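Text of data.tsv (TSV, C-alpha atoms and all ligand atoms) as supplied:
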chain	number	residue	atom	x	y	z
R	20	MET	CA	-43.82	43.49	1.70
R	21	LEU	CA	-43.14	39.90	0.69
R	22	VAL	CA	-39.76	38.87	2.08
R	23	LEU	CA	-37.79	35.74	1.18
R	24	VAL	CA	-35.33	34.62	3.86
R	25	THR	CA	-32.77	31.86	3.37
R	26	GLY	CA	-31.24	29.98	6.29
R	27	ALA	CA	-34.44	30.78	8.12
R	28	SER	CA	-34.76	27.88	10.55
R	29	ALA	CA	-32.49	29.37	13.25
R	30	GLY	CA	-30.21	32.24	14.23
R	31	PHE	CA	-30.19	35.38	12.09
R	32	GLY	CA	-32.69	34.01	9.56
R	33	GLU	CA	-35.27	33.13	12.17
R	34	ALA	CA	-34.84	36.49	13.93
R	35	ILE	CA	-35.15	38.33	10.61
R	36	ALA	CA	-38.34	36.43	9.73
R	37	ARG	CA	-39.85	37.24	13.12
R	38	ARG	CA	-38.90	40.93	12.83
R	39	PHE	CA	-40.65	41.37	9.49
R	40	VAL	CA	-43.73	39.40	10.53
R	41	LYS	CA	-44.02	41.45	13.72
R	42	GLU	CA	-44.52	44.55	11.55
R	43	GLY	CA	-47.15	42.90	9.37
R	44	HIS	CA	-45.01	41.73	6.45
R	45	GLN	CA	-45.25	38.34	4.75
R	46	VAL	CA	-42.40	35.86	4.54
R	47	ILE	CA	-41.29	32.81	2.61
R	48	LEU	CA	-38.68	30.76	4.39
R	49	ILE	CA	-35.98	28.47	3.02
R	50	ALA	CA	-33.79	26.22	5.18
R	51	ARG	CA	-32.57	22.66	5.33
R	52	ARG	CA	-34.33	21.54	8.51
R	53	GLU	CA	-37.96	20.87	7.74
R	54	GLU	CA	-39.15	20.25	11.30
R	55	ARG	CA	-37.79	23.55	12.55
R	56	LEU	CA	-39.23	25.39	9.57
R	57	GLN	CA	-42.63	23.82	10.16
R	58	LYS	CA	-42.57	24.85	13.80
R	59	LEU	CA	-41.66	28.41	12.87
R	60	GLN	CA	-44.38	28.48	10.23
R	61	GLU	CA	-46.95	27.39	12.81
R	62	GLU	CA	-45.85	30.19	15.11
R	63	LEU	CA	-45.85	32.85	12.40
R	64	GLY	CA	-49.27	31.78	11.10
R	65	ASN	CA	-50.72	33.24	7.90
R	66	ALA	CA	-47.84	35.68	7.52
R	67	CYS	CA	-45.64	32.77	6.50
R	68	LEU	CA	-46.82	32.04	2.96
R	69	LYS	CA	-44.56	29.10	2.30
R	70	ILE	CA	-41.65	27.10	3.61
R	71	ILE	CA	-39.17	25.33	1.37
R	72	ALA	CA	-37.13	22.68	3.15
R	73	CYS	CA	-34.11	22.43	0.94
R	74	ASP	CA	-30.39	23.01	0.78
R	75	ILE	CA	-29.57	26.34	-0.84
R	76	ALA	CA	-27.37	24.42	-3.30
R	77	LYS	CA	-30.47	22.82	-4.86
R	78	ILE	CA	-31.54	25.77	-6.94
R	79	GLU	CA	-33.87	23.78	-9.21
R	80	MET	CA	-35.88	22.58	-6.20
R	81	ILE	CA	-35.97	26.12	-4.83
R	82	LYS	CA	-37.16	27.51	-8.18
R	83	GLU	CA	-39.93	24.95	-8.24
R	84	GLY	CA	-40.98	25.83	-4.70
R	85	LEU	CA	-40.92	29.56	-5.44
R	86	SER	CA	-42.56	29.51	-8.87
R	87	GLU	CA	-45.93	30.84	-7.70
R	88	TYR	CA	-44.32	33.69	-5.74
R	89	ALA	CA	-41.09	34.55	-7.56
R	90	SER	CA	-42.50	37.59	-9.36
R	91	LYS	CA	-43.92	39.01	-6.11
R	92	ILE	CA	-40.87	38.93	-3.84
R	93	ASP	CA	-40.00	42.45	-2.67
R	94	VAL	CA	-37.00	41.66	-0.50
R	95	LEU	CA	-34.54	38.80	-0.95
R	96	ILE	CA	-32.48	38.18	2.17
R	97	ASN	CA	-29.49	35.99	1.35
R	98	ASN	CA	-28.73	34.85	4.88
R	99	ALA	CA	-27.82	31.16	4.48
R	100	GLY	CA	-24.11	30.76	5.05
R	101	LEU	CA	-21.57	29.08	7.26
R	102	ALA	CA	-17.99	28.91	8.47
R	103	LEU	CA	-16.50	25.43	8.70
R	104	GLY	CA	-13.29	25.08	10.65
R	105	VAL	CA	-10.71	27.56	11.91
R	106	GLU	CA	-7.53	25.81	10.79
R	107	PRO	CA	-4.90	27.54	8.66
R	108	PHE	CA	-5.70	26.99	5.01
R	109	ASN	CA	-2.96	24.42	4.51
R	110	GLU	CA	-4.81	22.23	7.01
R	111	CYS	CA	-8.35	22.88	5.74
R	112	LEU	CA	-10.45	20.03	4.46
R	113	LYS	CA	-11.44	20.18	0.79
R	114	GLU	CA	-15.06	19.27	1.61
R	115	ASP	CA	-15.24	22.14	4.12
R	116	PHE	CA	-13.99	24.92	1.86
R	117	GLU	CA	-16.06	23.59	-1.03
R	118	GLU	CA	-19.19	23.65	1.11
R	119	MET	CA	-18.48	27.24	2.19
R	120	ILE	CA	-17.99	28.34	-1.41
R	121	GLU	CA	-21.07	26.38	-2.51
R	122	THR	CA	-23.33	27.89	0.15
R	123	ASN	CA	-21.90	31.35	0.82
R	124	ILE	CA	-21.13	32.25	-2.79
R	125	LEU	CA	-22.90	29.99	-5.28
R	126	GLY	CA	-26.07	29.74	-3.19
R	127	VAL	CA	-26.38	33.53	-3.13
R	128	VAL	CA	-25.43	34.07	-6.76
R	129	ARG	CA	-27.80	31.43	-8.12
R	130	LEU	CA	-30.81	32.56	-6.12
R	131	THR	CA	-30.14	36.23	-6.89
R	132	HIS	CA	-29.73	35.40	-10.57
R	133	TYR	CA	-33.09	33.64	-10.53
R	134	LEU	CA	-35.03	36.37	-8.74
R	135	LEU	CA	-33.43	39.54	-10.06
R	136	PRO	CA	-35.09	39.48	-13.53
R	137	PHE	CA	-38.50	39.51	-11.80
R	138	MET	CA	-37.47	42.56	-9.77
R	139	VAL	CA	-36.09	44.27	-12.87
R	140	SER	CA	-39.27	43.72	-14.87
R	141	ARG	CA	-41.37	44.96	-11.94
R	142	GLY	CA	-39.09	47.95	-11.39
R	143	SER	CA	-38.64	47.41	-7.64
R	144	GLY	CA	-36.92	45.14	-5.16
R	145	HIS	CA	-34.25	44.90	-2.51
R	146	ILE	CA	-31.48	42.33	-2.15
R	147	ILE	CA	-29.94	42.12	1.31
R	148	ASN	CA	-26.85	39.97	1.69
R	149	LEU	CA	-25.44	38.76	4.99
R	150	GLY	CA	-21.74	39.47	4.84
R	151	SER	CA	-19.40	39.59	7.80
R	152	ILE	CA	-16.58	41.62	9.29
R	153	ALA	CA	-14.55	38.61	8.12
R	154	GLY	CA	-14.99	40.00	4.59
R	155	ASN	CA	-13.38	43.28	5.67
R	156	TYR	CA	-10.57	42.17	7.98
R	157	PRO	CA	-8.45	39.04	7.86
R	158	TYR	CA	-7.93	36.92	10.94
R	159	PRO	CA	-6.13	33.62	11.51
R	160	GLY	CA	-8.27	30.73	10.34
R	161	GLY	CA	-10.71	32.98	8.47
R	162	ASN	CA	-9.19	32.13	5.05
R	163	VAL	CA	-11.97	30.78	2.77
R	164	TYR	CA	-14.82	31.97	4.99
R	165	GLY	CA	-13.41	35.51	4.93
R	166	GLY	CA	-12.92	35.17	1.18
R	167	THR	CA	-16.56	34.23	0.64
R	168	LYS	CA	-17.72	37.22	2.69
R	169	ALA	CA	-15.39	39.55	0.78
R	170	PHE	CA	-17.02	38.19	-2.37
R	171	LEU	CA	-20.45	39.11	-1.02
R	172	LYS	CA	-19.32	42.64	-0.26
R	173	GLN	CA	-17.96	43.19	-3.76
R	174	PHE	CA	-20.85	41.34	-5.41
R	175	SER	CA	-23.29	43.63	-3.59
R	176	LEU	CA	-21.45	46.77	-4.70
R	177	ASN	CA	-21.23	45.53	-8.28
R	178	LEU	CA	-24.94	44.74	-8.33
R	179	ARG	CA	-25.51	48.35	-7.30
R	180	ALA	CA	-23.50	49.44	-10.31
R	181	ASP	CA	-25.62	47.27	-12.62
R	182	LEU	CA	-28.92	48.30	-11.07
R	183	VAL	CA	-28.55	52.03	-10.65
R	184	ASP	CA	-31.35	52.73	-13.16
R	185	LYS	CA	-33.64	49.90	-12.07
R	186	ASN	CA	-34.99	51.12	-8.72
R	187	ILE	CA	-33.59	48.02	-7.02
R	188	ARG	CA	-31.64	48.32	-3.79
R	189	VAL	CA	-28.73	46.17	-2.66
R	190	SER	CA	-27.30	46.12	0.86
R	191	ASN	CA	-24.59	44.08	2.55
R	192	ILE	CA	-24.87	43.59	6.31
R	193	GLU	CA	-21.52	42.82	7.96
R	194	PRO	CA	-21.85	41.62	11.55
R	195	GLY	CA	-19.04	40.88	13.95
R	196	LEU	CA	-19.16	38.56	16.95
R	197	CYS	CA	-22.74	37.39	17.35
R	198	GLY	CA	-23.98	34.91	19.93
R	199	GLY	CA	-27.34	33.20	20.25
R	200	SER	CA	-26.99	31.16	17.08
R	201	GLU	CA	-25.43	27.90	15.95
R	202	PHE	CA	-22.82	29.71	13.89
R	203	SER	CA	-19.82	28.98	16.11
R	204	ILE	CA	-20.95	25.45	16.97
R	205	VAL	CA	-20.80	24.75	13.22
R	206	ARG	CA	-17.56	26.72	12.84
R	207	PHE	CA	-15.97	24.61	15.62
R	208	LYS	CA	-17.39	21.40	14.16
R	209	GLY	CA	-19.84	20.67	16.97
R	210	ASP	CA	-17.57	21.68	19.87
R	211	ARG	CA	-20.22	23.43	21.95
R	212	GLN	CA	-17.87	24.17	24.80
R	213	ARG	CA	-15.45	26.02	22.55
R	214	ALA	CA	-18.34	27.96	21.06
R	215	GLU	CA	-19.64	28.88	24.51
R	216	GLU	CA	-16.16	30.01	25.58
R	217	LEU	CA	-16.04	32.47	22.68
R	218	TYR	CA	-19.13	34.32	23.91
R	219	LYS	CA	-18.50	33.94	27.64
R	220	ASN	CA	-17.78	37.03	29.74
R	221	THR	CA	-18.45	39.39	26.88
R	222	HIS	CA	-21.54	40.99	25.41
R	223	PRO	CA	-21.82	39.85	21.79
R	224	LEU	CA	-24.38	40.96	19.26
R	225	MET	CA	-27.51	38.81	19.16
R	226	PRO	CA	-29.53	37.64	16.13
R	227	GLU	CA	-32.21	40.23	17.00
R	228	ASP	CA	-29.59	42.98	16.57
R	229	ILE	CA	-28.80	41.76	13.08
R	230	ALA	CA	-32.52	41.47	12.30
R	231	GLU	CA	-32.97	45.08	13.40
R	232	SER	CA	-30.34	46.35	10.97
R	233	VAL	CA	-31.79	44.29	8.11
R	234	PHE	CA	-35.29	45.54	8.90
R	235	TRP	CA	-34.09	49.14	9.07
R	236	CYS	CA	-32.40	48.93	5.65
R	237	ALA	CA	-35.50	47.44	4.07
R	238	ASN	CA	-37.88	49.99	5.57
R	239	LEU	CA	-36.11	53.20	4.69
R	240	PRO	CA	-37.76	55.35	2.01
R	241	SER	CA	-37.07	53.77	-1.38
R	242	HIS	CA	-34.73	56.54	-2.58
R	243	ILE	CA	-32.20	55.56	0.13
R	244	ASN	CA	-29.85	52.65	-0.47
R	245	ILE	CA	-27.72	51.44	2.41
R	246	ASN	CA	-24.65	50.00	0.66
R	247	SER	CA	-23.32	48.29	3.75
R	248	ILE	CA	-23.61	48.20	7.50
R	249	GLU	CA	-20.70	46.92	9.53
R	250	LEU	CA	-21.72	46.24	13.10
R	251	MET	CA	-19.70	44.85	15.99
R	252	PRO	CA	-20.42	44.42	19.65
R	253	THR	CA	-18.98	47.27	21.69
R	254	THR	CA	-16.71	44.68	23.29
R	255	GLN	CA	-15.06	43.66	20.00
R	256	ALA	CA	-12.40	45.68	18.16
R	257	PHE	CA	-9.11	45.33	16.30
R	258	SER	CA	-5.84	43.70	17.24
R	259	PRO	CA	-2.37	44.82	16.26
R	260	PHE	CA	-0.87	43.16	13.16
R	261	ARG	CA	0.78	39.88	14.03
R	262	VAL	CA	4.51	39.79	13.63
R	263	HIS	CA	6.36	36.52	13.62
R	264	LYS	CA	9.78	36.69	15.28
R	265	GLN	CA	12.50	34.09	14.80
F	1	LIG	C1	-18.14	35.91	11.82
F	1	LIG	C2	-17.76	37.10	12.63
F	1	LIG	O1	-16.38	37.90	14.65
F	1	LIG	O2	-17.44	35.70	14.81
F	1	LIG	O3	-18.91	36.25	10.71
F	1	LIG	O4	-15.51	35.99	13.36
F	1	LIG	S1	-16.73	36.66	13.92

Rewrite the coordinates I just gave you, this time as C-alpha cells.
Amino acid sequence: MLVLVTGASAGFGEAIARRFVKEGHQVILIARREERLQKLQEELGNACLKIIACDIAKIEMIKEGLSEYASKIDVLINNAGLALGVEPFNECLKEDFEEMIETNILGVVRLTHYLLPFMVSRGSGHIINLGSIAGNYPYPGGNVYGGTKAFLKQFSLNLRADLVDKNIRVSNIEPGLCGGSEFSIVRFKGDRQRAEELYKNTHPLMPEDIAESVFWCANLPSHININSIELMPTTQAFSPFRVHKQ
C-alpha cells in the first residue's frame, strides 16, 4: 500500500510511518520540520517515496508536492493536529484557537477534498483521521480543541454516508492520554515540566499503540470498515460531573 501520513516528523505520525514501513508498505510524509523529515526518510530508505516539508495549511504547496503520487495513494492518514492552551475559552488567545481550527479541521478537510476524487475514480481507498477522546467527552480547557476533534468524528461518519457505494473506508481513531510525543509540550506552550507531570506515575498510551490501531484498521479485509476506535490507557477513566457550589 501507498500511505500518506501528515504530521509525520514526530509522535503518532512518525510511529505510524514506521509501523507501515516495517510491514513492507510505502509512505509519503508531510510535516513542517524538514530536518526531522529528512532524517526519518534516511532511516526508512526506499520505502519513503517522498517527503513534503510544509505546513498542512498550505494546500497548494502540498498538491504540487503530491501531484505525481496523488492518484496512487491507498491510505490517507490525517494525523497533523494540535492543542494550544488549556485556559477556559474566555481566556483563550484568538491566534491559538484559529490555528487549531486551521490545522485540525481545515487541514484535514482540504487534503481529503483533494485526494478523495482520486480514490473515488479508482474505486478504493481508506481515510484514517486522528480524533481524540476530547471529541467525545468535554473537559475543562478542552473547548476549541475538543470541538475540532468532535468535528473530525462527525466528518468521518458523514464521509462514510457519502461513500457507502464507493468501496472507500473511513475510520476515526480517538486516543486518550498518550505520552512519548510533543503533544502536551505544545498544549502547555512549551512548559516541559508540566507536560512531564501529566504522564508521571501513570502508564499512558504511547505513539506505537496508536500506530498499532491505525495499522490494524488499514489491514483488515476490505469489506470491514472500522468507524471509530476509542482507546485510553487502563489508568485513565471518567470523572464525576463537576458541580459548582456557592
Ligand atoms: C488529547 C487526549 O487525554 O491528553 O487528545 O486530553 S488527553

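Nearest to His222 (chain R) of all the residues R:Ile245, R:Cys197, R:Leu103, R:Ala27 is R:Cys197, counting only C-alpha atoms.
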
Q.
Using all atoms listed in the file, which residues of the polymer chains come no farther than 7 Å from ligand LIG 1 (chain F)? I'd like the answer as a count of residues only.
A. 7

Q: Compile the contact shell of region 72-75 of chain R as a PyMOL selection string: residues with an atom at most 10 Å away, counting only C-alpha atoms, same-chain residues fewer than 5 positions apart removed.
A: chain R and resi 25-28+48-57+80-81+84+97+99-100+121-123+125-127+129-130

(Q) Quick check, in Å to one decimal: how far apart do CA of Phe234 (chain R) and CA of Ile147 (chain R) lie? (A)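 CA of Ile147 (chain R) lies 9.9 Å from CA of Phe234 (chain R).
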
Q.
Taking only C-alpha atoms into account, name the residue in R:Ile204, R:Gly198, R:Glu118, R:Asp210 that is nearest to Met251 (chain R).
A.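 Checking each of R:Ile204, R:Gly198, R:Glu118, R:Asp210 against Met251 (chain R), counting only C-alpha atoms, the winner is R:Gly198.
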
Q: May I ask for the distance between CA of Tyr156 (chain R) and CA of Phe257 (chain R), given in Å to one decimal place?
A: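 Computed distance, CA of Tyr156 (chain R) to CA of Phe257 (chain R), equals 9.0 Å.
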
Q: Mind giving me the straight-line distance from CA of Ser200 (chain R) to CA of Ala29 (chain R) in Å, one decimal?
A: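 Answer for the CA of Ser200 (chain R) to CA of Ala29 (chain R) separation: 6.9 Å.
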
Q. Using only C-alpha atoms, which residues sit within 8 Å of region 85-92 of chain R once same-chain residues fewer than 5 positions away are excluded, as a list in words?
A.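 Non-adjacent residues within range: Met20, Leu21, Val22, Leu23, Leu134, Phe137, Met138, Arg141 and Gly144 of chain R.
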
Q.
Let me make sure I understand: among R:Asn109, R:Lys58, R:Ser203, R:Ala102, which one has the smallest atom-to-atom distance to Gly166 (chain R) if we use all atoms listed in the file?
A. R:Ala102

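Remark: for Phe31 (chain R), the closest of the candidate residues R:Ala214, R:Met119, R:Leu101, R:Ala237 is R:Leu101 (distances computed over all atoms listed in the file).
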
Q. Using only C-alpha atoms, which residues sit within 9 Å of Gly150 (chain R) once same-chain residues fewer than 4 positions away are excluded, as a PyMOL selection string?
A. chain R and resi 98+154+167-172+191-194+249

Q: For the point (-34.6, 38.0, -2.4) in the file's frame, write as number ranges by chain all residues with an atom no more than 6 Å away, counting all atoms listed in the file.
A: R: 23, 94-96, 146

**Q.** Closest of R:Asn162, R:Phe260, R:Arg179, R:Arg213 to Asn244 (chain R) - atom-to-atom distances counting all atoms listed in the file
**A.**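 Among the listed residues, R:Arg179 lies closest to Asn244 (chain R).
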
Centre and edge lengths, as AutoDock Vina command-line options, for the axis-aligned box enclosing every listed atom of region 118-132 of chain R with 5 Å of padding on each of the six sides, in Å to one decimal?
--center_x -24.4 --center_y 29.9 --center_z -4.2 --size_x 22.8 --size_y 22.6 --size_z 22.8

Q: Would you mind telling me which residue in R:Lys69, R:Val233, R:Pro136, R:Phe108 lies nearest to Tyr158 (chain R) when using all atoms listed in the file?
A: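 The answer is R:Phe108, which sits nearest to Tyr158 (chain R).
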
(Q) For a cutoff of 7 Å around the file-coordinate point (-25.5, 39.1, -7.7), which residues qualify once you count all atoms listed in the file? I'd like the result as a list in words. (A)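 Every residue inside that radius is included here: Val128, Thr131, His132, Phe174, Ser175 and Leu178 of chain R.
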